[in-house]
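Text of the file run.cif, holding mmCIF, C-alpha atoms:
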data_model
loop_
_atom_site.group_PDB
_atom_site.id
_atom_site.type_symbol
_atom_site.label_atom_id
_atom_site.label_comp_id
_atom_site.auth_asym_id
_atom_site.auth_seq_id
_atom_site.Cartn_x
_atom_site.Cartn_y
_atom_site.Cartn_z
ATOM 1 C CA MET R 165 0.000 0.000 0.000
ATOM 2 C CA THR R 166 1.360 3.425 -0.928
ATOM 3 C CA ASP R 167 0.991 6.579 1.154
ATOM 4 C CA LYS R 168 -1.482 7.894 -1.410
ATOM 5 C CA GLU R 169 -3.583 4.745 -1.232
ATOM 6 C CA PHE R 170 -3.572 4.825 2.572
ATOM 7 C CA LEU R 171 -4.663 8.469 2.677
ATOM 8 C CA ALA R 172 -7.429 7.790 0.161
ATOM 9 C CA LEU R 173 -8.701 4.950 2.344
ATOM 10 C CA VAL R 174 -8.665 7.112 5.467
ATOM 11 C CA LYS R 175 -10.419 9.939 3.639
ATOM 12 C CA GLU R 176 -13.129 7.518 2.558
ATOM 13 C CA ARG R 177 -13.599 5.720 5.879
ATOM 14 C CA ARG R 178 -12.612 8.508 8.325
ATOM 15 C CA LEU R 179 -12.543 6.209 11.373
ATOM 16 C CA LEU R 180 -9.614 4.132 12.636
ATOM 17 C CA GLY R 181 -9.657 1.733 15.558
ATOM 18 C CA TRP R 182 -6.965 1.584 18.241
ATOM 19 C CA LEU R 183 -7.148 -1.815 19.874
ATOM 20 C CA TRP R 184 -5.966 -2.693 23.363
ATOM 21 C CA ALA R 185 -6.743 -5.815 25.384
ATOM 22 C CA ASP R 186 -5.152 -7.771 28.223
ATOM 23 C CA THR R 187 -4.520 -10.909 26.184
ATOM 24 C CA PRO R 188 -3.979 -11.724 22.495
ATOM 25 C CA GLU R 189 -7.131 -13.844 22.515
ATOM 26 C CA GLN R 190 -9.227 -10.931 23.768
ATOM 27 C CA ALA R 191 -7.662 -8.594 21.220
ATOM 28 C CA ILE R 192 -8.322 -10.941 18.304
ATOM 29 C CA SER R 193 -11.919 -11.451 19.417
ATOM 30 C CA ALA R 194 -12.467 -7.702 19.807
ATOM 31 C CA GLY R 195 -10.823 -6.916 16.479
ATOM 32 C CA THR R 196 -12.894 -9.432 14.534
ATOM 33 C CA ALA R 197 -16.069 -8.182 16.221
ATOM 34 C CA ALA R 198 -15.206 -4.612 15.227
ATOM 35 C CA ALA R 199 -14.576 -5.716 11.640
ATOM 36 C CA GLU R 200 -17.910 -7.506 11.620
ATOM 37 C CA ALA R 201 -19.535 -4.280 12.795
ATOM 38 C CA GLY R 202 -18.025 -2.317 9.916
ATOM 39 C CA LEU R 203 -14.593 -1.079 11.008
ATOM 40 C CA THR R 204 -12.088 -1.277 8.153
ATOM 41 C CA ILE R 205 -8.864 0.259 9.537
ATOM 42 C CA LEU R 206 -7.354 -1.004 12.769
ATOM 43 C CA GLU R 207 -4.130 -0.228 14.617
ATOM 44 C CA VAL R 208 -2.627 -2.674 17.098
ATOM 45 C CA PRO R 209 -0.118 -1.175 19.579
ATOM 46 C CA MET R 210 3.157 -3.070 19.665
ATOM 47 C CA THR R 211 3.381 -2.483 23.425
ATOM 48 C CA MET R 212 0.471 -4.882 23.935
ATOM 49 C CA THR R 213 1.231 -8.471 24.907
ATOM 50 C CA GLY R 214 1.321 -10.694 21.835
ATOM 51 C CA ALA R 215 0.908 -7.798 19.395
ATOM 52 C CA GLY R 216 2.576 -9.687 16.555
ATOM 53 C CA GLU R 217 0.242 -12.635 17.018
ATOM 54 C CA VAL R 218 -2.769 -10.293 17.030
ATOM 55 C CA ILE R 219 -1.668 -8.509 13.852
ATOM 56 C CA ALA R 220 -1.045 -11.799 12.055
ATOM 57 C CA ALA R 221 -4.512 -13.083 12.976
ATOM 58 C CA LEU R 222 -6.410 -9.886 12.176
ATOM 59 C CA ALA R 223 -4.514 -9.314 8.915
ATOM 60 C CA ARG R 224 -6.316 -12.402 7.613
ATOM 61 C CA VAL R 225 -9.775 -10.893 8.232
ATOM 62 C CA PRO R 226 -11.289 -9.956 4.833
ATOM 63 C CA GLY R 227 -11.688 -6.221 4.305
ATOM 64 C CA LEU R 228 -9.716 -5.229 7.410
ATOM 65 C CA VAL R 229 -6.530 -3.154 7.021
ATOM 66 C CA VAL R 230 -4.356 -3.793 10.071
ATOM 67 C CA GLY R 231 -1.410 -1.648 11.076
ATOM 68 C CA ALA R 232 1.006 -1.519 13.990
ATOM 69 C CA GLY R 233 1.132 1.402 16.412
ATOM 70 C CA ALA R 234 3.131 2.488 19.469
ATOM 71 C CA ILE R 235 6.344 1.479 17.691
ATOM 72 C CA LEU R 236 9.175 2.472 19.993
ATOM 73 C CA ASP R 237 12.134 1.064 18.065
ATOM 74 C CA LEU R 238 13.107 -0.670 14.841
ATOM 75 C CA ALA R 239 12.970 -4.113 16.456
ATOM 76 C CA LEU R 240 9.235 -3.626 17.022
ATOM 77 C CA ALA R 241 8.859 -2.310 13.466
ATOM 78 C CA ARG R 242 10.489 -5.464 12.110
ATOM 79 C CA THR R 243 8.218 -7.651 14.215
ATOM 80 C CA ALA R 244 5.199 -5.731 12.937
ATOM 81 C CA CYS R 245 6.203 -6.149 9.308
ATOM 82 C CA ARG R 246 6.897 -9.839 9.733
ATOM 83 C CA ALA R 247 3.426 -10.221 11.254
ATOM 84 C CA GLY R 248 1.833 -8.579 8.225
ATOM 85 C CA ALA R 249 1.181 -4.993 9.335
ATOM 86 C CA ALA R 250 -0.050 -2.904 6.403
ATOM 87 C CA PHE R 251 1.138 0.377 7.953
ATOM 88 C CA LEU R 252 3.385 1.536 10.774
ATOM 89 C CA ALA R 253 2.671 4.237 13.371
ATOM 90 C CA ALA R 254 4.222 5.964 16.347
ATOM 91 C CA SER R 255 2.961 8.680 18.658
ATOM 92 C CA HIS R 256 6.297 10.474 18.415
ATOM 93 C CA THR R 257 8.544 11.523 15.529
ATOM 94 C CA GLU R 258 11.246 9.031 14.661
ATOM 95 C CA ARG R 259 13.276 9.587 11.512
ATOM 96 C CA GLY R 260 14.639 6.041 11.577
ATOM 97 C CA LEU R 261 11.147 4.535 11.644
ATOM 98 C CA LEU R 262 10.132 6.631 8.655
ATOM 99 C CA LYS R 263 13.160 5.465 6.672
ATOM 100 C CA TYR R 264 12.473 1.856 7.602
ATOM 101 C CA GLY R 265 8.815 2.153 6.589
ATOM 102 C CA ARG R 266 9.791 3.558 3.217
ATOM 103 C CA ARG R 267 12.206 0.704 2.604
ATOM 104 C CA ARG R 268 9.499 -1.806 3.457
ATOM 105 C CA LYS R 269 6.877 0.125 1.432
ATOM 106 C CA ARG R 270 4.655 0.658 4.465
ATOM 107 C CA PRO R 271 2.831 3.971 4.979
ATOM 108 C CA THR R 272 4.327 5.376 8.167
ATOM 109 C CA LEU R 273 2.498 7.682 10.564
ATOM 110 C CA LEU R 274 4.431 9.867 12.969
ATOM 111 C CA GLY R 275 3.039 11.683 15.994
ATOM 112 C CA GLY R 276 3.181 15.106 17.521
ATOM 113 C CA ALA R 277 1.400 17.160 20.156
ATOM 114 C CA THR R 278 2.723 20.706 19.775
ATOM 115 C CA PRO R 279 2.701 22.727 16.548
ATOM 116 C CA THR R 280 6.478 22.289 16.280
ATOM 117 C CA GLU R 281 6.211 18.507 16.642
ATOM 118 C CA VAL R 282 3.344 18.260 14.167
ATOM 119 C CA TYR R 283 5.237 20.359 11.638
ATOM 120 C CA GLU R 284 8.403 18.292 12.084
ATOM 121 C CA ALA R 285 6.550 15.001 11.498
ATOM 122 C CA TRP R 286 4.883 16.422 8.402
ATOM 123 C CA ARG R 287 8.105 18.021 7.099
ATOM 124 C CA LEU R 288 9.964 14.724 7.375
ATOM 125 C CA GLY R 289 7.396 13.119 5.091
ATOM 126 C CA ALA R 290 5.110 11.069 7.319
ATOM 127 C CA ALA R 291 2.143 9.617 5.453
ATOM 128 C CA ALA R 292 -0.027 11.308 8.094
ATOM 129 C CA VAL R 293 0.506 12.960 11.475
ATOM 130 C CA LYS R 294 -1.131 11.566 14.596
ATOM 131 C CA VAL R 295 -2.110 14.495 16.803
ATOM 132 C CA TYR R 296 -1.721 12.889 20.226
ATOM 133 C CA PRO R 297 -3.127 13.342 22.805
ATOM 134 C CA ALA R 298 -5.727 15.348 20.897
ATOM 135 C CA ASN R 299 -8.307 15.497 23.671
ATOM 136 C CA ALA R 300 -5.829 16.650 26.318
ATOM 137 C CA MET R 301 -4.381 19.277 23.975
ATOM 138 C CA GLY R 302 -7.740 20.980 23.474
ATOM 139 C CA GLY R 303 -9.891 18.673 21.367
ATOM 140 C CA PRO R 304 -11.448 19.790 18.073
ATOM 141 C CA ASP R 305 -10.549 23.445 18.701
ATOM 142 C CA TYR R 306 -6.891 22.501 18.915
ATOM 143 C CA VAL R 307 -7.084 20.492 15.693
ATOM 144 C CA ALA R 308 -8.769 23.462 14.009
ATOM 145 C CA ASN R 309 -5.873 25.689 15.078
ATOM 146 C CA LEU R 310 -3.357 23.215 13.687
ATOM 147 C CA ARG R 311 -5.331 23.044 10.439
ATOM 148 C CA ARG R 312 -5.085 26.827 10.085
ATOM 149 C CA LEU R 313 -1.319 26.642 10.662
ATOM 150 C CA TYR R 314 -0.722 23.691 8.348
ATOM 151 C CA PRO R 315 -3.651 23.523 5.892
ATOM 152 C CA ASP R 316 -2.101 20.773 3.764
ATOM 153 C CA ALA R 317 -0.977 18.455 6.552
ATOM 154 C CA PRO R 318 -2.939 15.176 6.861
ATOM 155 C CA LEU R 319 -3.901 15.183 10.543
ATOM 156 C CA LEU R 320 -5.317 12.229 12.474
ATOM 157 C CA ALA R 321 -6.874 12.913 15.875
ATOM 158 C CA ALA R 322 -5.899 10.341 18.492
ATOM 159 C CA GLY R 323 -6.159 10.032 22.254
ATOM 160 C CA ALA R 324 -9.368 9.666 24.290
ATOM 161 C CA VAL R 325 -11.683 10.517 21.390
ATOM 162 C CA VAL R 326 -15.220 9.297 22.050
ATOM 163 C CA PRO R 327 -17.725 8.561 19.240
ATOM 164 C CA ASP R 328 -19.870 11.574 20.141
ATOM 165 C CA ARG R 329 -16.943 13.883 19.398
ATOM 166 C CA ALA R 330 -15.577 12.225 16.267
ATOM 167 C CA GLY R 331 -17.658 14.384 13.939
ATOM 168 C CA ALA R 332 -16.436 17.552 15.620
ATOM 169 C CA TYR R 333 -12.822 16.537 14.953
ATOM 170 C CA LEU R 334 -13.612 15.888 11.306
ATOM 171 C CA GLU R 335 -15.339 19.249 10.975
ATOM 172 C CA ALA R 336 -12.282 20.836 12.608
ATOM 173 C CA GLY R 337 -10.129 19.499 9.782
ATOM 174 C CA ALA R 338 -8.913 16.076 10.873
ATOM 175 C CA LEU R 339 -8.570 13.675 7.962
ATOM 176 C CA GLY R 340 -9.406 10.788 10.278
ATOM 177 C CA VAL R 341 -10.163 9.984 13.895
ATOM 178 C CA TYR R 342 -8.943 7.157 16.124
ATOM 179 C CA LEU R 343 -11.477 5.470 18.392
ATOM 180 C CA GLY R 344 -10.104 3.323 21.193
ATOM 181 C CA GLY R 345 -11.586 2.139 24.464
ATOM 182 C CA ALA R 346 -15.018 3.530 23.631
ATOM 183 C CA LEU R 347 -15.174 1.271 20.591
ATOM 184 C CA PHE R 348 -13.929 -2.123 21.744
ATOM 185 C CA THR R 349 -16.266 -3.870 24.154
ATOM 186 C CA VAL R 350 -13.803 -6.455 25.424
ATOM 187 C CA ASP R 351 -15.796 -7.058 28.623
ATOM 188 C CA LEU R 352 -18.854 -8.147 26.667
ATOM 189 C CA LEU R 353 -16.783 -10.551 24.608
ATOM 190 C CA THR R 354 -15.207 -12.132 27.669
ATOM 191 C CA GLN R 355 -18.728 -12.721 28.951
ATOM 192 C CA GLY R 356 -19.606 -14.522 25.733
ATOM 193 C CA SER R 357 -21.921 -11.770 24.441
ATOM 194 C CA ARG R 358 -20.493 -11.480 20.932
ATOM 195 C CA GLU R 359 -23.757 -10.488 19.256
ATOM 196 C CA ARG R 360 -24.260 -7.654 21.718
ATOM 197 C CA ALA R 361 -20.609 -6.612 21.407
ATOM 198 C CA VAL R 362 -20.879 -6.353 17.617
ATOM 199 C CA ALA R 363 -24.096 -4.357 17.981
ATOM 200 C CA GLU R 364 -22.474 -1.904 20.411
ATOM 201 C CA VAL R 365 -19.453 -1.388 18.137
ATOM 202 C CA LYS R 366 -21.796 -0.747 15.206
ATOM 203 C CA GLN R 367 -23.747 1.753 17.299
ATOM 204 C CA ALA R 368 -20.510 3.541 18.247
ATOM 205 C CA LEU R 369 -19.378 3.676 14.611
ATOM 206 C CA ASP R 370 -22.755 4.992 13.482
ATOM 207 C CA LYS R 371 -22.640 7.664 16.180
ATOM 208 C CA ALA R 372 -19.131 8.690 15.125
ATOM 209 C CA ARG R 373 -20.299 9.053 11.513
ATOM 210 C CA GLU R 374 -23.334 11.193 12.325
ATOM 211 C CA ARG R 375 -21.477 14.448 11.671
ATOM 212 C CA ARG R 376 -19.381 14.695 8.559
ATOM 213 C CA PRO R 377 -16.728 17.285 7.681
ATOM 214 C CA HIS R 378 -17.918 20.298 5.709
ATOM 215 C CA ALA R 379 -15.173 19.870 3.095
#
Show me the file's structure as structure tokens.
Amino acid sequence: MTDKEFLALVKERRLLGWLWADTPEQAISAGTAAAEAGLTILEVPMTMTGAGEVIAALARVPGLVVGAGAILDLALARTACRAGAAFLAASHTERGLLKYGRRRKRPTLLGGATPTEVYEAWRLGAAAVKVYPANAMGGPDYVANLRRLYPDAPLLAAGAVVPDRAGAYLEAGALGVYLGGALFTVDLLTQGSRERAVAEVKQALDKARERRPHA
């Protein structure tokens, strides 16, 4: 997948999932339930136990694009690529990760919180910039300010974004929005309530899509 293809997919779908669970089994169950509910882009943090196993399993789910996030070093990036990650992501700016992603032909997302950090990630050539933690930095208003500073930068809002606020981030100028804990109903799955879990993820996705960006 090229950077251009990744950005086109994000622009079409708008929502990305950020999956965290206590065990690989829980993560795989939650990820497949989210895909069944309609999620098409999913990021698995490499700091989670068994992340490589989770990526390998979810990469086989039809229609689901699975990437690796929270990449702290090149060893984790290599593990992610071997597992089948379609894209690489970090919440900080790492020049070495970007170079590695380009060599492996993986769209690579870099992160930033301040205007300087966001600009640096964009200037280096990241496929997109993860604005993290977006909620703590000021939410949609903060993203709108960044958009005015850097109108051409592809910004993704990440960090404690709830479905009710996803539309506001998109209207503020975010190309896409990450949904995390509010999206994955791991507790329901551990109780054996898969049908209800899928229904709740679908409801969260529908709520996040209620408000669309103006442009």
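Nearest-residue note for R:Gly345: choosing from R:Val229, R:Val325, R:Ala215, R:Val362, the minimum distance belongs to R:Val325, counting only C-alpha atoms.
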Can I get the residues of stretch 275-339 of chain R within 12 Å of stretch 178-202 of chain R, each with the closest pair of atoms and their distance in Å to one decimal, using all atoms listed in the file, sorted chain first then ascending number, as CSV?
residue,atom,partner,partner_atom,distance
R:Lys294,CA,R:Leu180,CA,11.4
R:Pro318,CA,R:Arg178,CA,11.8
R:Leu319,CA,R:Arg178,CA,11.2
R:Leu320,CA,R:Leu180,CA,9.2
R:Ala321,CA,R:Leu180,CA,9.8
R:Ala322,CA,R:Trp182,CA,8.8
R:Gly323,CA,R:Trp182,CA,9.4
R:Ala324,CA,R:Trp182,CA,10.4
R:Val325,CA,R:Trp182,CA,10.6
R:Val326,CA,R:Gly181,CA,11.4
R:Pro327,CA,R:Leu179,CA,9.7
R:Arg329,CA,R:Leu179,CA,11.9
R:Ala330,CA,R:Leu179,CA,8.3
R:Gly331,CA,R:Arg178,CA,9.6
R:Tyr333,CA,R:Arg178,CA,10.4
R:Leu334,CA,R:Arg178,CA,8.0
R:Glu335,CA,R:Arg178,CA,11.4
R:Gly337,CA,R:Arg178,CA,11.4
R:Ala338,CA,R:Arg178,CA,8.8
R:Leu339,CA,R:Arg178,CA,6.6
Please list as a PDB file with C-alpha atoms, in the coordinates of the input every residue within 7 Å of R:Gly231, counting all atoms listed in the file and excluding residues in the same chain fewer than 3 positions away.
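Writing done, so here's out-v5.pdb:
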ATOM      1  CA  LEU R 206      -7.354  -1.004  12.769  1.00  0.00           C
ATOM      2  CA  GLU R 207      -4.130  -0.228  14.617  1.00  0.00           C
ATOM      3  CA  VAL R 208      -2.627  -2.674  17.098  1.00  0.00           C
ATOM      4  CA  ALA R 249       1.181  -4.993   9.335  1.00  0.00           C
ATOM      5  CA  ALA R 250      -0.050  -2.904   6.403  1.00  0.00           C
ATOM      6  CA  PHE R 251       1.138   0.377   7.953  1.00  0.00           C
ATOM      7  CA  LEU R 252       3.385   1.536  10.774  1.00  0.00           C
TER       8      LEU R 252
END
**Non-local contacts of R:Leu313 (10 Å; all atoms listed in the file; under 4 positions in same chain excluded) as a ChimeraX atom specification** = /R:279,283,307-309,317
**Message:** Could you tell me, as a ChimeraX atom specification, exactly which residues end up selected when the PyMOL selection byres ((chain R and resi 291) around 7) is applied to this structure?
**Reply:** /R:167,271-273,289-290,292
**Request:** Using the chain letters and numbers from the file, give me the residues hit by the PyMOL selection byres ((chain R and resi 284) around 12), as a VMD selection string.
**Result:** chain R and resid 256 to 259 274 to 283 285 to 290 292 to 294 314 317
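As for atom CA of R:Thr204 and atom CA of R:Val230, they are spaced 8.4 Å apart.
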Give the centre and edge lengths of an axis-aligned box, in Å to one decimal, that holds all listed atoms of stretch 242-254 of chain R with 8 Å on each side, as lines of an AutoDock Vina configuration file.
center_x = 5.2
center_y = -2.1
center_z = 11.4
size_x = 26.5
size_y = 32.2
size_z = 25.9
**Asked** Which polymer residues, protein or nucleic acid, are no farther than 7 Å from (2.8, -5.8, 11.5), counting only C-alpha atoms, as a PyMOL selection string?
**Response** chain R and resi 216+219+231-232+243-250
Taking the file above as input, evaluate the PyMOL selection byres ((chain R and resi 371) around 12) and report the hits as a PDB file with C-alpha atoms, keeping the file's coordinate frame.
ATOM      1  CA  LEU R 179     -12.543   6.209  11.373  1.00  0.00           C
ATOM      2  CA  VAL R 326     -15.220   9.297  22.050  1.00  0.00           C
ATOM      3  CA  PRO R 327     -17.725   8.561  19.240  1.00  0.00           C
ATOM      4  CA  ASP R 328     -19.870  11.574  20.141  1.00  0.00           C
ATOM      5  CA  ARG R 329     -16.943  13.883  19.398  1.00  0.00           C
ATOM      6  CA  ALA R 330     -15.577  12.225  16.267  1.00  0.00           C
ATOM      7  CA  GLY R 331     -17.658  14.384  13.939  1.00  0.00           C
ATOM      8  CA  ALA R 332     -16.436  17.552  15.620  1.00  0.00           C
ATOM      9  CA  LEU R 343     -11.477   5.470  18.392  1.00  0.00           C
ATOM     10  CA  ALA R 346     -15.018   3.530  23.631  1.00  0.00           C
ATOM     11  CA  LEU R 347     -15.174   1.271  20.591  1.00  0.00           C
ATOM     12  CA  GLU R 364     -22.474  -1.904  20.411  1.00  0.00           C
ATOM     13  CA  VAL R 365     -19.453  -1.388  18.137  1.00  0.00           C
ATOM     14  CA  LYS R 366     -21.796  -0.747  15.206  1.00  0.00           C
ATOM     15  CA  GLN R 367     -23.747   1.753  17.299  1.00  0.00           C
ATOM     16  CA  ALA R 368     -20.510   3.541  18.247  1.00  0.00           C
ATOM     17  CA  LEU R 369     -19.378   3.676  14.611  1.00  0.00           C
ATOM     18  CA  ASP R 370     -22.755   4.992  13.482  1.00  0.00           C
ATOM     19  CA  ALA R 372     -19.131   8.690  15.125  1.00  0.00           C
ATOM     20  CA  ARG R 373     -20.299   9.053  11.513  1.00  0.00           C
ATOM     21  CA  GLU R 374     -23.334  11.193  12.325  1.00  0.00           C
ATOM     22  CA  ARG R 375     -21.477  14.448  11.671  1.00  0.00           C
ATOM     23  CA  ARG R 376     -19.381  14.695   8.559  1.00  0.00           C
TER      24      ARG R 376
END
Can you patch up stretch 223-250 of chain R, filling it in to N, CA and C atoms, and show the result as a compact mmCIF listing (two decimals), keeping the file's coordinate frame?
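Saved result, result.txt, follows:
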# COMPACT_ATOMS: atom_id res chain seq x y z
N ALA R 223 -4.86 -9.61 10.30
CA ALA R 223 -4.51 -9.31 8.91
C ALA R 223 -5.18 -10.28 7.95
N ARG R 224 -5.64 -11.42 8.46
CA ARG R 224 -6.32 -12.40 7.61
C ARG R 224 -7.82 -12.17 7.52
N VAL R 225 -8.34 -11.19 8.27
CA VAL R 225 -9.78 -10.89 8.23
C VAL R 225 -10.09 -10.13 6.94
N PRO R 226 -10.97 -10.63 6.10
CA PRO R 226 -11.29 -9.96 4.83
C PRO R 226 -11.79 -8.52 5.05
N GLY R 227 -11.23 -7.60 4.26
CA GLY R 227 -11.69 -6.22 4.30
C GLY R 227 -11.12 -5.38 5.42
N LEU R 228 -10.28 -5.96 6.28
CA LEU R 228 -9.72 -5.23 7.41
C LEU R 228 -8.25 -4.90 7.13
N VAL R 229 -7.91 -3.61 7.19
CA VAL R 229 -6.53 -3.15 7.02
C VAL R 229 -5.94 -2.98 8.41
N VAL R 230 -4.93 -3.76 8.73
CA VAL R 230 -4.36 -3.79 10.07
C VAL R 230 -2.95 -3.22 10.07
N GLY R 231 -2.73 -2.24 10.93
CA GLY R 231 -1.41 -1.65 11.08
C GLY R 231 -0.89 -1.82 12.48
N ALA R 232 0.36 -1.42 12.69
CA ALA R 232 1.01 -1.52 13.99
C ALA R 232 1.28 -0.13 14.53
N GLY R 233 0.91 0.10 15.79
CA GLY R 233 1.13 1.40 16.41
C GLY R 233 2.03 1.29 17.63
N ALA R 234 2.28 2.43 18.27
CA ALA R 234 3.13 2.49 19.47
C ALA R 234 4.48 1.82 19.22
N ILE R 235 5.04 2.06 18.04
CA ILE R 235 6.34 1.48 17.69
C ILE R 235 7.44 2.33 18.31
N LEU R 236 8.17 1.73 19.23
CA LEU R 236 9.18 2.47 19.99
C LEU R 236 10.59 2.32 19.44
N ASP R 237 10.80 1.27 18.63
CA ASP R 237 12.13 1.06 18.07
C ASP R 237 12.01 0.21 16.80
N LEU R 238 13.12 0.07 16.11
CA LEU R 238 13.11 -0.67 14.84
C LEU R 238 12.87 -2.16 15.04
N ALA R 239 13.23 -2.70 16.20
CA ALA R 239 12.97 -4.11 16.46
C ALA R 239 11.46 -4.38 16.44
N LEU R 240 10.69 -3.48 17.04
CA LEU R 240 9.24 -3.63 17.02
C LEU R 240 8.70 -3.43 15.60
N ALA R 241 9.29 -2.52 14.85
CA ALA R 241 8.86 -2.31 13.47
C ALA R 241 9.08 -3.57 12.64
N ARG R 242 10.20 -4.23 12.85
CA ARG R 242 10.49 -5.46 12.11
C ARG R 242 9.49 -6.55 12.49
N THR R 243 9.20 -6.66 13.77
CA THR R 243 8.22 -7.65 14.22
C THR R 243 6.86 -7.38 13.58
N ALA R 244 6.49 -6.11 13.52
CA ALA R 244 5.20 -5.73 12.94
C ALA R 244 5.13 -6.11 11.46
N CYS R 245 6.19 -5.83 10.73
CA CYS R 245 6.20 -6.15 9.31
C CYS R 245 6.17 -7.65 9.07
N ARG R 246 6.91 -8.38 9.87
CA ARG R 246 6.90 -9.84 9.73
C ARG R 246 5.50 -10.41 10.02
N ALA R 247 4.77 -9.76 10.91
CA ALA R 247 3.43 -10.22 11.25
C ALA R 247 2.39 -9.87 10.18
N GLY R 248 2.76 -8.94 9.29
CA GLY R 248 1.83 -8.58 8.22
C GLY R 248 1.18 -7.23 8.36
N ALA R 249 1.75 -6.33 9.18
CA ALA R 249 1.18 -4.99 9.34
C ALA R 249 1.19 -4.24 8.01
N ALA R 250 0.07 -3.63 7.67
CA ALA R 250 -0.05 -2.90 6.40
C ALA R 250 0.49 -1.48 6.51
